$ cat coords01.txt   # compact mmCIF, C-alpha atoms and all ligand atoms
# COMPACT_ATOMS: atom_id res chain seq x y z
CA MET A 1 11.07 -30.63 10.27
CA THR A 2 8.29 -28.34 9.06
CA LYS A 3 9.34 -25.89 6.41
CA LEU A 4 9.36 -22.17 7.08
CA ARG A 5 6.56 -20.35 5.29
CA VAL A 6 7.24 -17.71 2.65
CA LEU A 7 4.73 -15.23 1.25
CA SER A 8 5.06 -12.43 -1.23
CA GLY A 9 3.17 -10.54 -3.90
CA MET A 10 3.51 -8.32 -6.90
CA GLN A 11 1.08 -5.69 -8.13
CA PRO A 12 -0.51 -5.97 -11.58
CA SER A 13 -0.11 -2.21 -11.99
CA GLY A 14 1.92 -2.26 -15.21
CA GLN A 15 4.57 -4.33 -16.92
CA PRO A 16 6.83 -6.07 -14.38
CA THR A 17 10.39 -4.79 -14.68
CA LEU A 18 13.88 -6.12 -14.34
CA GLY A 19 13.83 -4.45 -10.89
CA ASN A 20 10.87 -6.62 -9.85
CA TYR A 21 12.67 -9.68 -11.14
CA ILE A 22 16.04 -9.02 -9.49
CA GLY A 23 14.64 -7.57 -6.26
CA ALA A 24 11.89 -10.11 -5.69
CA MET A 25 10.78 -12.66 -8.27
CA ARG A 26 14.02 -14.55 -8.67
CA ASN A 27 14.12 -15.02 -4.91
CA TYR A 28 10.65 -16.54 -5.03
CA VAL A 29 12.02 -19.10 -7.45
CA LYS A 30 15.00 -19.84 -5.22
CA LEU A 31 12.97 -20.22 -2.03
CA GLN A 32 10.31 -22.56 -3.41
CA HIS A 33 12.54 -25.64 -3.10
CA THR A 34 13.23 -25.24 0.59
CA HIS A 35 10.18 -23.38 1.93
CA ASP A 36 6.39 -23.61 2.01
CA CYS A 37 5.69 -20.81 -0.47
CA TYR A 38 2.66 -18.64 -1.28
CA PHE A 39 3.00 -16.16 -4.13
CA MET A 40 0.11 -13.96 -5.12
CA VAL A 41 -0.79 -11.27 -7.57
CA VAL A 42 -1.89 -8.38 -5.34
CA ASP A 43 -4.71 -7.12 -7.50
CA LEU A 44 -6.49 -5.41 -4.57
CA HIS A 45 -3.35 -3.31 -4.02
CA ALA A 46 -3.16 -2.34 -7.69
CA ILE A 47 -6.40 -0.31 -7.50
CA THR A 48 -4.94 2.07 -4.92
CA VAL A 49 -4.18 4.06 -8.06
CA PRO A 50 -6.77 4.12 -10.89
CA GLN A 51 -6.68 1.07 -13.19
CA ASP A 52 -8.56 0.53 -16.42
CA PRO A 53 -10.58 -2.73 -15.95
CA GLY A 54 -9.37 -4.28 -19.23
CA ALA A 55 -5.76 -3.46 -18.42
CA LEU A 56 -6.10 -4.75 -14.85
CA LYS A 57 -7.35 -8.12 -16.10
CA GLU A 58 -4.60 -8.44 -18.72
CA GLN A 59 -1.85 -7.36 -16.30
CA THR A 60 -3.11 -9.72 -13.59
CA GLU A 61 -2.92 -12.70 -15.94
CA SER A 62 0.40 -11.47 -17.21
CA VAL A 63 1.99 -11.30 -13.73
CA ALA A 64 0.68 -14.80 -12.90
CA ALA A 65 2.10 -16.15 -16.18
CA LEU A 66 5.42 -14.40 -15.50
CA TYR A 67 5.65 -16.18 -12.13
CA LEU A 68 5.43 -19.47 -13.98
CA ALA A 69 7.76 -18.37 -16.78
CA ALA A 70 10.35 -17.26 -14.22
CA GLY A 71 10.34 -20.79 -12.85
CA ILE A 72 7.82 -20.91 -10.01
CA ASP A 73 6.46 -24.43 -10.09
CA PRO A 74 2.81 -24.75 -9.00
CA SER A 75 3.52 -28.22 -7.65
CA GLN A 76 6.05 -26.64 -5.25
CA ALA A 77 4.47 -23.27 -4.49
CA THR A 78 0.93 -21.93 -4.20
CA ILE A 79 0.20 -19.24 -6.81
CA PHE A 80 -3.04 -17.28 -6.46
CA LEU A 81 -4.85 -13.99 -6.89
CA GLN A 82 -5.30 -11.83 -3.79
CA SER A 83 -8.89 -10.90 -4.76
CA SER A 84 -9.88 -14.58 -5.02
CA VAL A 85 -9.38 -15.07 -1.27
CA SER A 86 -11.85 -12.78 0.52
CA GLY A 87 -9.94 -13.02 3.82
CA HIS A 88 -7.40 -10.44 2.61
CA ALA A 89 -9.97 -7.65 2.45
CA GLU A 90 -11.54 -8.79 5.71
CA LEU A 91 -8.35 -9.01 7.78
CA GLY A 92 -7.19 -5.82 6.02
CA TRP A 93 -10.14 -3.97 7.56
CA LEU A 94 -9.61 -5.46 11.01
CA LEU A 95 -5.95 -4.42 10.96
CA THR A 96 -6.81 -0.96 9.59
CA THR A 97 -8.66 -0.34 12.84
CA LEU A 98 -5.45 -1.14 14.77
CA THR A 99 -3.26 1.14 12.64
CA TYR A 100 -2.49 4.70 13.70
CA MET A 101 -2.74 7.65 11.32
CA GLY A 102 0.77 8.73 12.31
CA GLU A 103 2.19 5.36 11.26
CA LEU A 104 0.68 5.64 7.80
CA GLU A 105 1.69 9.30 7.45
CA ARG A 106 5.33 8.25 7.83
CA MET A 107 5.24 5.78 4.92
CA THR A 108 7.60 7.01 2.22
CA GLN A 109 5.82 5.09 -0.56
CA PHE A 110 2.63 7.02 0.24
CA LYS A 111 4.54 10.30 0.22
CA ASP A 112 6.17 9.47 -3.14
CA LYS A 113 2.99 8.26 -4.83
CA SER A 114 0.78 11.08 -3.59
CA GLU A 115 3.29 13.88 -4.20
CA GLY A 116 1.97 16.59 -6.51
CA LYS A 117 -1.39 14.84 -7.02
CA GLU A 118 -4.55 16.89 -6.56
CA SER A 119 -6.68 14.04 -5.25
CA VAL A 120 -5.38 10.86 -3.69
CA GLY A 121 -7.54 7.84 -2.82
CA VAL A 122 -7.86 6.77 0.82
CA GLY A 123 -6.82 3.25 -0.25
CA LEU A 124 -3.34 4.49 -1.15
CA PHE A 125 -3.01 5.74 2.40
CA THR A 126 -4.33 2.64 4.18
CA TYR A 127 -2.62 0.19 1.80
CA PRO A 128 0.10 -0.92 4.28
CA SER A 129 -2.57 -2.38 6.61
CA LEU A 130 -3.80 -4.53 3.72
CA MET A 131 -0.24 -5.65 3.04
CA ALA A 132 0.11 -6.60 6.71
CA ALA A 133 -3.08 -8.65 6.37
CA ASP A 134 -1.66 -10.44 3.31
CA ILE A 135 1.33 -11.57 5.31
CA LEU A 136 -0.27 -12.30 8.68
CA LEU A 137 -3.18 -14.24 7.18
CA TYR A 138 -0.70 -16.98 6.29
CA ASN A 139 1.50 -16.62 9.36
CA ALA A 140 4.47 -16.18 7.05
CA ASP A 141 7.99 -16.47 8.48
CA LEU A 142 9.78 -14.85 5.56
CA VAL A 143 8.77 -12.17 3.07
CA PRO A 144 11.03 -11.78 0.00
CA VAL A 145 10.81 -8.15 -1.17
CA GLY A 146 12.94 -5.31 -2.49
CA ASP A 147 14.37 -2.59 -0.32
CA ASP A 148 11.39 -0.24 -0.83
CA GLN A 149 9.14 -2.54 1.21
CA LYS A 150 11.22 -2.48 4.42
CA GLN A 151 9.05 0.17 6.02
CA HIS A 152 5.83 -1.71 5.24
CA LEU A 153 7.30 -4.87 6.72
CA GLU A 154 8.24 -3.02 9.88
CA LEU A 155 4.62 -1.86 10.19
CA THR A 156 3.44 -5.44 9.64
CA ARG A 157 5.63 -6.58 12.52
CA ASP A 158 4.35 -3.75 14.74
CA LEU A 159 0.73 -4.63 13.95
CA ALA A 160 1.37 -8.31 14.71
CA HIS A 161 2.89 -7.37 18.09
CA ARG A 162 0.01 -4.98 18.78
CA PHE A 163 -2.63 -7.59 17.98
CA ASN A 164 -0.86 -10.26 20.02
CA GLY A 165 -0.50 -7.87 22.94
CA ARG A 166 -4.14 -6.84 22.88
CA PHE A 167 -5.90 -10.08 22.03
CA GLY A 168 -3.44 -12.84 22.88
CA ASP A 169 -0.73 -14.64 20.95
CA THR A 170 -2.00 -15.15 17.39
CA PHE A 171 0.43 -13.98 14.73
CA LYS A 172 4.00 -14.97 13.97
CA ILE A 173 6.35 -12.01 13.59
CA PRO A 174 7.57 -12.13 9.97
CA GLN A 175 11.07 -11.32 8.73
CA GLY A 176 12.04 -9.65 5.46
CA TYR A 177 14.19 -11.51 2.94
CA ILE A 178 15.98 -8.76 1.03
CA PRO A 179 18.74 -9.57 -1.48
CA GLU A 180 22.25 -8.25 -0.92
CA VAL A 181 22.72 -7.25 -4.55
CA GLY A 182 19.82 -5.74 -6.49
CA ALA A 183 17.41 -4.85 -3.67
CA ARG A 184 17.04 -1.42 -5.21
CA ILE A 185 17.48 -1.16 -8.97
CA MET A 186 17.26 2.45 -10.08
CA SER A 187 15.63 4.10 -13.12
CA LEU A 188 17.62 4.21 -16.35
CA ASP A 189 16.81 7.90 -16.81
CA ASP A 190 17.26 9.04 -13.22
CA ALA A 191 19.44 7.15 -10.76
CA SER A 192 17.82 8.89 -7.80
CA LYS A 193 14.49 7.10 -8.41
CA LYS A 194 13.79 3.38 -8.21
CA MET A 195 13.02 1.56 -11.43
CA SER A 196 9.22 1.42 -11.47
CA LYS A 197 6.66 -0.19 -13.75
CA SER A 198 4.28 2.70 -13.13
CA ASN A 199 6.71 5.30 -14.48
CA PRO A 200 5.03 6.86 -17.56
CA ASN A 201 8.42 6.97 -19.33
CA ALA A 202 8.93 3.42 -20.66
CA GLY A 203 12.59 4.29 -21.32
CA SER A 204 13.14 4.45 -17.56
CA TYR A 205 12.68 0.72 -17.05
CA ILE A 206 13.36 -2.61 -18.72
CA ALA A 207 10.16 -4.63 -18.74
CA MET A 208 10.58 -8.39 -18.36
CA LEU A 209 8.67 -8.73 -21.63
CA ASP A 210 10.57 -6.09 -23.63
CA ALA A 211 11.78 -7.46 -26.98
CA PRO A 212 15.59 -7.92 -27.27
CA ASP A 213 16.01 -4.90 -29.53
CA VAL A 214 14.02 -2.72 -27.17
CA ILE A 215 16.24 -3.86 -24.30
CA ARG A 216 19.37 -3.03 -26.33
CA LYS A 217 18.02 0.40 -27.22
CA LYS A 218 16.96 1.23 -23.66
CA ILE A 219 20.35 0.28 -22.23
CA SER A 220 22.27 2.15 -24.90
CA ARG A 221 20.21 5.26 -24.06
CA ALA A 222 20.52 4.86 -20.27
CA VAL A 223 21.83 8.06 -18.71
CA THR A 224 25.51 8.02 -17.65
CA ASP A 225 27.96 10.70 -16.52
CA SER A 226 30.36 12.35 -18.94
CA GLY A 227 33.37 10.28 -17.83
CA ARG A 228 34.43 6.91 -19.22
CA GLU A 229 35.55 4.86 -16.23
CA VAL A 230 33.41 1.83 -15.38
CA LYS A 231 33.64 2.10 -11.62
CA PHE A 232 31.27 1.40 -8.74
CA ASP A 233 30.91 4.71 -6.93
CA PRO A 234 27.28 5.32 -5.94
CA VAL A 235 27.95 8.85 -4.66
CA ASN A 236 29.83 10.27 -7.64
CA LYS A 237 28.71 7.87 -10.38
CA PRO A 238 25.18 6.75 -9.41
CA GLU A 239 24.11 5.88 -12.98
CA VAL A 240 27.10 3.68 -13.82
CA SER A 241 26.92 2.12 -10.36
CA ASN A 242 23.28 1.20 -10.99
CA LEU A 243 24.19 -0.43 -14.32
CA LEU A 244 27.00 -2.30 -12.58
CA SER A 245 24.58 -3.59 -9.95
CA ILE A 246 22.23 -4.80 -12.68
CA TYR A 247 25.14 -6.45 -14.52
CA SER A 248 26.28 -8.17 -11.34
CA ALA A 249 22.78 -9.35 -10.39
CA VAL A 250 22.05 -10.65 -13.89
CA THR A 251 25.33 -12.53 -14.40
CA ASP A 252 26.19 -13.43 -10.80
CA GLN A 253 29.65 -11.92 -11.36
CA SER A 254 31.05 -9.60 -8.71
CA VAL A 255 31.18 -5.86 -9.39
CA GLU A 256 35.01 -6.00 -9.19
CA GLU A 257 35.16 -8.67 -11.90
CA ILE A 258 32.97 -6.58 -14.18
CA GLU A 259 34.99 -3.42 -13.53
CA ALA A 260 38.17 -5.34 -14.45
CA MET A 261 36.56 -6.72 -17.63
CA TYR A 262 35.83 -3.20 -18.95
CA ALA A 263 38.88 -1.39 -17.57
CA GLY A 264 39.95 1.36 -19.98
CA GLN A 265 37.18 0.59 -22.50
CA GLY A 266 34.62 3.31 -21.78
CA TYR A 267 30.87 2.99 -21.46
CA GLY A 268 30.03 1.74 -24.99
CA PRO A 269 31.35 -1.85 -24.68
CA PHE A 270 30.13 -2.01 -21.06
CA LYS A 271 26.56 -1.12 -22.07
CA LYS A 272 26.69 -3.59 -24.99
CA GLY A 273 27.86 -6.37 -22.66
CA LEU A 274 25.13 -5.53 -20.16
CA ALA A 275 22.43 -5.50 -22.86
CA GLU A 276 23.49 -8.94 -24.10
CA ALA A 277 23.50 -10.32 -20.55
CA VAL A 278 19.98 -9.00 -19.92
CA VAL A 279 18.74 -10.38 -23.26
CA ALA A 280 20.29 -13.78 -22.47
CA LEU A 281 18.43 -13.82 -19.16
CA LEU A 282 15.05 -12.65 -20.42
CA GLU A 283 14.74 -14.25 -23.87
CA PRO A 284 14.16 -17.85 -22.65
CA LEU A 285 11.77 -16.57 -19.99
CA GLN A 286 9.80 -14.71 -22.68
CA GLN A 287 9.49 -17.86 -24.77
CA LYS A 288 8.14 -19.77 -21.77
CA TYR A 289 5.74 -16.91 -21.05
CA LYS A 290 4.34 -17.16 -24.57
CA ASP A 291 3.84 -20.91 -24.22
CA ILE A 292 2.06 -20.49 -20.88
CA ARG A 293 -0.31 -17.82 -22.19
CA GLU A 294 -1.15 -20.03 -25.17
CA SER A 295 -1.59 -23.21 -23.11
CA GLY A 296 -4.71 -22.06 -21.21
CA ASP A 297 -3.42 -23.69 -17.97
CA LEU A 298 -3.41 -20.47 -15.99
CA GLN A 299 -7.07 -20.56 -14.86
CA ARG A 300 -6.70 -24.06 -13.46
CA ILE A 301 -3.46 -23.23 -11.62
CA LEU A 302 -4.96 -20.07 -10.08
CA ARG A 303 -8.12 -21.95 -9.02
CA GLU A 304 -6.05 -24.64 -7.33
CA GLY A 305 -3.98 -21.92 -5.67
CA ARG A 306 -7.15 -20.22 -4.43
CA GLU A 307 -8.35 -23.47 -2.82
CA LYS A 308 -5.14 -23.95 -0.89
CA ALA A 309 -4.74 -20.34 0.11
CA SER A 310 -8.41 -19.98 1.20
CA GLU A 311 -8.14 -22.91 3.54
CA GLN A 312 -5.22 -21.33 5.36
CA ALA A 313 -6.75 -17.85 5.31
CA GLU A 314 -10.09 -19.02 6.74
CA ARG A 315 -8.33 -20.76 9.60
CA THR A 316 -6.41 -17.63 10.63
CA LEU A 317 -9.40 -15.34 10.16
CA GLY A 318 -11.59 -17.57 12.34
CA GLU A 319 -9.06 -17.40 15.13
CA VAL A 320 -8.61 -13.64 14.76
CA LYS A 321 -12.35 -12.90 14.80
CA SER A 322 -12.98 -15.14 17.74
CA LYS A 323 -10.18 -13.47 19.74
CA MET A 324 -11.50 -10.01 18.89
CA GLY A 325 -14.94 -10.90 20.24
CA TYR A 326 -16.91 -11.56 17.09
CA VAL A 327 -19.77 -13.99 17.48
CA ILE A 328 -18.85 -17.02 15.40
CA LEU A 329 -21.96 -18.70 13.98
P1 LIG A 401 5.44 0.38 -8.81
O1 LIG A 401 6.88 0.52 -9.16
O2 LIG A 401 4.53 0.22 -9.96
O3 LIG A 401 4.98 1.35 -7.80
P2 LIG A 401 6.39 -1.94 -7.60
O4 LIG A 401 7.03 -2.58 -8.77
O5 LIG A 401 7.20 -1.32 -6.55
O6 LIG A 401 5.29 -0.97 -8.11
P3 LIG A 401 5.28 -4.46 -6.92
O7 LIG A 401 4.98 -4.94 -8.26
O8 LIG A 401 4.28 -4.87 -5.91
O9 LIG A 401 5.41 -2.92 -6.84
O10 LIG A 401 6.71 -4.94 -6.45
C1 LIG A 401 6.97 -6.29 -6.41
C2 LIG A 401 8.29 -6.51 -5.76
O11 LIG A 401 9.35 -5.97 -6.53
C3 LIG A 401 8.40 -5.89 -4.37
O12 LIG A 401 8.98 -6.84 -3.51
C4 LIG A 401 9.31 -4.72 -4.57
O13 LIG A 401 10.07 -4.43 -3.41
C5 LIG A 401 10.22 -5.22 -5.69
N1 LIG A 401 10.74 -4.10 -6.47
C6 LIG A 401 10.02 -3.18 -7.12
N2 LIG A 401 10.81 -2.30 -7.75
C7 LIG A 401 12.09 -2.68 -7.47
C8 LIG A 401 13.37 -2.15 -7.84
N3 LIG A 401 13.47 -1.09 -8.58
N4 LIG A 401 14.47 -2.82 -7.39
C9 LIG A 401 14.36 -3.93 -6.63
N5 LIG A 401 13.19 -4.46 -6.25
C10 LIG A 401 12.06 -3.86 -6.66
N1 LIG A 402 3.41 -3.55 -1.11
C1 LIG A 402 4.10 -4.35 -2.08
C2 LIG A 402 3.24 -5.42 -2.67
C3 LIG A 402 2.64 -6.31 -1.65
C4 LIG A 402 3.33 -7.32 -0.92
C5 LIG A 402 2.34 -7.94 -0.10
C6 LIG A 402 4.65 -7.77 -0.87
C7 LIG A 402 1.35 -6.34 -1.26
N2 LIG A 402 1.16 -7.31 -0.35
C8 LIG A 402 2.67 -8.95 0.78
C9 LIG A 402 4.95 -8.81 0.03
C10 LIG A 402 3.97 -9.38 0.82
C11 LIG A 402 4.66 -3.44 -3.15
O1 LIG A 402 4.14 -2.40 -3.40
N3 LIG A 402 5.66 -3.82 -3.81
$ encode --input "coords01.txt" --output "structure tokens"
Amino acid sequence: MTKLRVLSGMQPSGQPTLGNYIGAMRNYVKLQHTHDCYFMVVDLHAITVPQDPGALKEQTESVAALYLAAGIDPSQATIFLQSSVSGHAELGWLLTTLTYMGELERMTQFKDKSEGKESVGVGLFTYPSLMAADILLYNADLVPVGDDQKQHLELTRDLAHRFNGRFGDTFKIPQGYIPEVGARIMSLDDASKKMSKSNPNAGSYIAMLDAPDVIRKKISRAVTDSGREVKFDPVNKPEVSNLLSIYSAVTDQSVEEIEAMYAGQGYGPFKKGLAEAVVALLEPLQQKYKDIRESGDLQRILREGREKASEQAERTLGEVKSKMGYVIL
């Protein structure tokens, strides 16, 4: 039986966080054994907000190395850079012409990221069409993402239907793969906002590469209510509930088990336990990351990934262009 195809990507727009890991990356690792997987660093998406060229390069290599450190095996999954396969930009444009202004105006990520800004790049607005191209170029069946990407996936499905309806059956309709626990990890300083690597306050997130003592400090300073009961109650205790979700995702224990473990103890021991669990998860990954960066293997792995991805992308793009009426030379 042919394996279902999986595709996903992460932006090199800052330091990947524990939210990125729990919401997306660890599912990449899980899926690679049973699916035909493509994981990319979406460096074309990252420039929808200004990026310093030196930082972009470093962060791109860093995300690719984190994929490997987290356990993605390049002999099982294809790892590549979005910008190294020109078909993304090309199909992105073709799909942009099929996308309606109203659809993009409804995107909550655009609203959040443009809010209060004096000038906003057009790319931030049209970005979901490029994401649709990323997915449809590979005819992916499944797309592992966090909860915040649901709306973009819905648009991807709509664009695939629209293209198929107008030009004939071409694209598969992809499904999201969204974890039950940890699809939306919230900020440590404000439980109404998602944990984000582009938040200027580094205390709001745990970066996957934060040193153990930094992790301990950030968790001990995480905002909580003035009570002392460790209880999952997202409406009345959103901060503690967020920490409980992180604890549960990191240790694979149920929320009820964790509540019982800290019954009557207050937030201090709970936060200490959580910090040690996060450190135990990230410390070995950080050691692997260091080894990978020092090994110099990354270039070769990304080049091999580009070869495999390009082949697939060219095939789809050829079919798309021919169906749309482009003269194929
Ligand atoms: P930013 O926060 O900088 O705007 P991002 O982290 O949302 O960016 P990506 O790096 O592209 O953007 O996200 C990679 C994956 O991580 C996506 O699948 C996204 O849904 C998931 N993700 C991001 N933040 C969280 C979070 N707080 N909780 C769960 N999943 C998340
Ligand atoms: N839009 C996503 C990143 C992204 C993506 C993709 C995810 C770009 N292309 C394709 C899955 C599949 C984000 O901002 N997190």
$ closest_residue --input "coords01.txt" --among "A:Ala275, A:Ala89, A:Ala202, A:Val143" --to "ligand LIG 401 (chain A)" --atoms "all atoms listed in the file"
A:Val143
$ residues_near_ligand --input "coords01.txt" --ligand "ligand LIG 401 (chain A)" --cutoff "6 Å" --atoms "all atoms listed in the file" --output "PyMOL selection string"
chain A and resi 10-11+13+19-20+23-24+145-149+182-186+194-198
$ residues_around --input "coords01.txt" --residues "Asp134 of chain A" --least-positions-apart "4" --cutoff "9 Å" --atoms "only C-alpha atoms" --output "number ranges by chain"
A: 7-9, 42, 82, 87-89, 91-92, 129-130, 138
$ closest_residue --input "coords01.txt" --among "A:Leu95, A:Ala70, A:Val29, A:Leu153" --to "ligand LIG 402 (chain A)" --atoms "all atoms listed in the file"
A:Leu153
$ residues_around --input "coords01.txt" --residues "Leu209 of chain A" --least-positions-apart "2" --cutoff "10 Å" --atoms "only C-alpha atoms" --output "MDAnalysis selection string"
chainID A and resid 15:18 62 66 206:207 211:212 214:215 282:283 285:287 289:290
$ atom_distance --input "coords01.txt" --atom1 "atom C7 of ligand LIG 402 (chain A)" --atom2 "atom CA of Ile135 of chain A"
8.4 Å
$ closest_residue --input "coords01.txt" --among "A:Met101, A:Leu317, A:Leu137, A:Ile72" --to "ligand LIG 402 (chain A)" --atoms "only C-alpha atoms and all ligand atoms"
A:Leu137
$ residues_near_point --input "coords01.txt" --point "(27.9, 3.7, -20.9)" --cutoff "10 Å" --atoms "all atoms listed in the file" --output "ChimeraX atom specification"
/A:219-230,239-240,243,265-272,274
$ axis_aligned_box --input "coords01.txt" --around "segment 67-85 of chain A" --padding-each-side "6 Å" --output "AutoDock Vina command-line options"
--center_x 0.2 --center_y -19.6 --center_z -9.0 --size_x 32.2 --size_y 29.3 --size_z 27.5
$ residues_near_point --input "coords01.txt" --point "(3.1, -8.8, 10.8)" --cutoff "10 Å" --atoms "all atoms listed in the file" --output "PyMOL selection string"
chain A and resi 129+131-137+139-141+152-163+171-175
$ build_atoms --input "coords01.txt" --residues "segment 116-138 of chain A" --atoms "N, CA and C atoms" --output "PDB file, keeping the file's coordinate frame"
ATOM      1  N   GLY A 116       2.379  15.804  -5.350  1.00  0.00           N
ATOM      2  CA  GLY A 116       1.970  16.590  -6.510  1.00  0.00           C
ATOM      3  C   GLY A 116       0.602  16.237  -7.065  1.00  0.00           C
ATOM      4  N   LYS A 117      -0.072  15.224  -6.498  1.00  0.00           N
ATOM      5  CA  LYS A 117      -1.390  14.840  -7.020  1.00  0.00           C
ATOM      6  C   LYS A 117      -2.470  15.669  -6.336  1.00  0.00           C
ATOM      7  N   GLU A 118      -3.488  16.070  -7.124  1.00  0.00           N
ATOM      8  CA  GLU A 118      -4.550  16.890  -6.560  1.00  0.00           C
ATOM      9  C   GLU A 118      -5.450  16.071  -5.644  1.00  0.00           C
ATOM     10  N   SER A 119      -5.851  14.881  -6.118  1.00  0.00           N
ATOM     11  CA  SER A 119      -6.680  14.040  -5.250  1.00  0.00           C
ATOM     12  C   SER A 119      -6.057  12.655  -5.154  1.00  0.00           C
ATOM     13  N   VAL A 120      -6.035  12.146  -3.952  1.00  0.00           N
ATOM     14  CA  VAL A 120      -5.380  10.860  -3.690  1.00  0.00           C
ATOM     15  C   VAL A 120      -6.394   9.976  -2.970  1.00  0.00           C
ATOM     16  N   GLY A 121      -6.568   8.749  -3.430  1.00  0.00           N
ATOM     17  CA  GLY A 121      -7.540   7.840  -2.820  1.00  0.00           C
ATOM     18  C   GLY A 121      -7.125   7.424  -1.416  1.00  0.00           C
ATOM     19  N   VAL A 122      -8.125   7.194  -0.566  1.00  0.00           N
ATOM     20  CA  VAL A 122      -7.860   6.770   0.820  1.00  0.00           C
ATOM     21  C   VAL A 122      -7.133   5.419   0.833  1.00  0.00           C
ATOM     22  N   GLY A 123      -7.427   4.585  -0.171  1.00  0.00           N
ATOM     23  CA  GLY A 123      -6.820   3.250  -0.250  1.00  0.00           C
ATOM     24  C   GLY A 123      -5.299   3.320  -0.353  1.00  0.00           C
ATOM     25  N   LEU A 124      -4.798   4.356  -1.021  1.00  0.00           N
ATOM     26  CA  LEU A 124      -3.340   4.490  -1.150  1.00  0.00           C
ATOM     27  C   LEU A 124      -2.718   4.741   0.223  1.00  0.00           C
ATOM     28  N   PHE A 125      -3.482   5.421   1.050  1.00  0.00           N
ATOM     29  CA  PHE A 125      -3.010   5.740   2.400  1.00  0.00           C
ATOM     30  C   PHE A 125      -3.056   4.522   3.328  1.00  0.00           C
ATOM     31  N   THR A 126      -4.157   3.759   3.240  1.00  0.00           N
ATOM     32  CA  THR A 126      -4.330   2.640   4.180  1.00  0.00           C
ATOM     33  C   THR A 126      -3.721   1.333   3.673  1.00  0.00           C
ATOM     34  N   TYR A 127      -3.175   1.373   2.467  1.00  0.00           N
ATOM     35  CA  TYR A 127      -2.620   0.190   1.800  1.00  0.00           C
ATOM     36  C   TYR A 127      -1.667  -0.657   2.663  1.00  0.00           C
ATOM     37  N   PRO A 128      -0.810  -0.057   3.494  1.00  0.00           N
ATOM     38  CA  PRO A 128       0.100  -0.920   4.280  1.00  0.00           C
ATOM     39  C   PRO A 128      -0.619  -1.854   5.251  1.00  0.00           C
ATOM     40  N   SER A 129      -1.823  -1.483   5.710  1.00  0.00           N
ATOM     41  CA  SER A 129      -2.570  -2.380   6.610  1.00  0.00           C
ATOM     42  C   SER A 129      -3.049  -3.612   5.833  1.00  0.00           C
ATOM     43  N   LEU A 130      -3.392  -3.396   4.561  1.00  0.00           N
ATOM     44  CA  LEU A 130      -3.800  -4.530   3.720  1.00  0.00           C
ATOM     45  C   LEU A 130      -2.604  -5.439   3.450  1.00  0.00           C
ATOM     46  N   MET A 131      -1.450  -4.841   3.247  1.00  0.00           N
ATOM     47  CA  MET A 131      -0.240  -5.650   3.040  1.00  0.00           C
ATOM     48  C   MET A 131       0.073  -6.467   4.292  1.00  0.00           C
ATOM     49  N   ALA A 132      -0.118  -5.867   5.458  1.00  0.00           N
ATOM     50  CA  ALA A 132       0.110  -6.600   6.710  1.00  0.00           C
ATOM     51  C   ALA A 132      -0.848  -7.792   6.772  1.00  0.00           C
ATOM     52  N   ALA A 133      -2.092  -7.557   6.360  1.00  0.00           N
ATOM     53  CA  ALA A 133      -3.080  -8.650   6.370  1.00  0.00           C
ATOM     54  C   ALA A 133      -2.640  -9.780   5.447  1.00  0.00           C
ATOM     55  N   ASP A 134      -2.128  -9.428   4.266  1.00  0.00           N
ATOM     56  CA  ASP A 134      -1.660 -10.440   3.310  1.00  0.00           C
ATOM     57  C   ASP A 134      -0.665 -11.388   3.972  1.00  0.00           C
ATOM     58  N   ILE A 135       0.225 -10.801   4.736  1.00  0.00           N
ATOM     59  CA  ILE A 135       1.330 -11.570   5.310  1.00  0.00           C
ATOM     60  C   ILE A 135       0.868 -12.348   6.549  1.00  0.00           C
ATOM     61  N   LEU A 136       0.102 -11.690   7.402  1.00  0.00           N
ATOM     62  CA  LEU A 136      -0.270 -12.300   8.680  1.00  0.00           C
ATOM     63  C   LEU A 136      -1.345 -13.375   8.514  1.00  0.00           C
ATOM     64  N   LEU A 137      -2.144 -13.238   7.463  1.00  0.00           N
ATOM     65  CA  LEU A 137      -3.180 -14.240   7.180  1.00  0.00           C
ATOM     66  C   LEU A 137      -2.585 -15.636   7.015  1.00  0.00           C
ATOM     67  N   TYR A 138      -1.342 -15.678   6.550  1.00  0.00           N
ATOM     68  CA  TYR A 138      -0.700 -16.980   6.290  1.00  0.00           C
ATOM     69  C   TYR A 138       0.354 -17.300   7.348  1.00  0.00           C
TER      70      TYR A 138
END
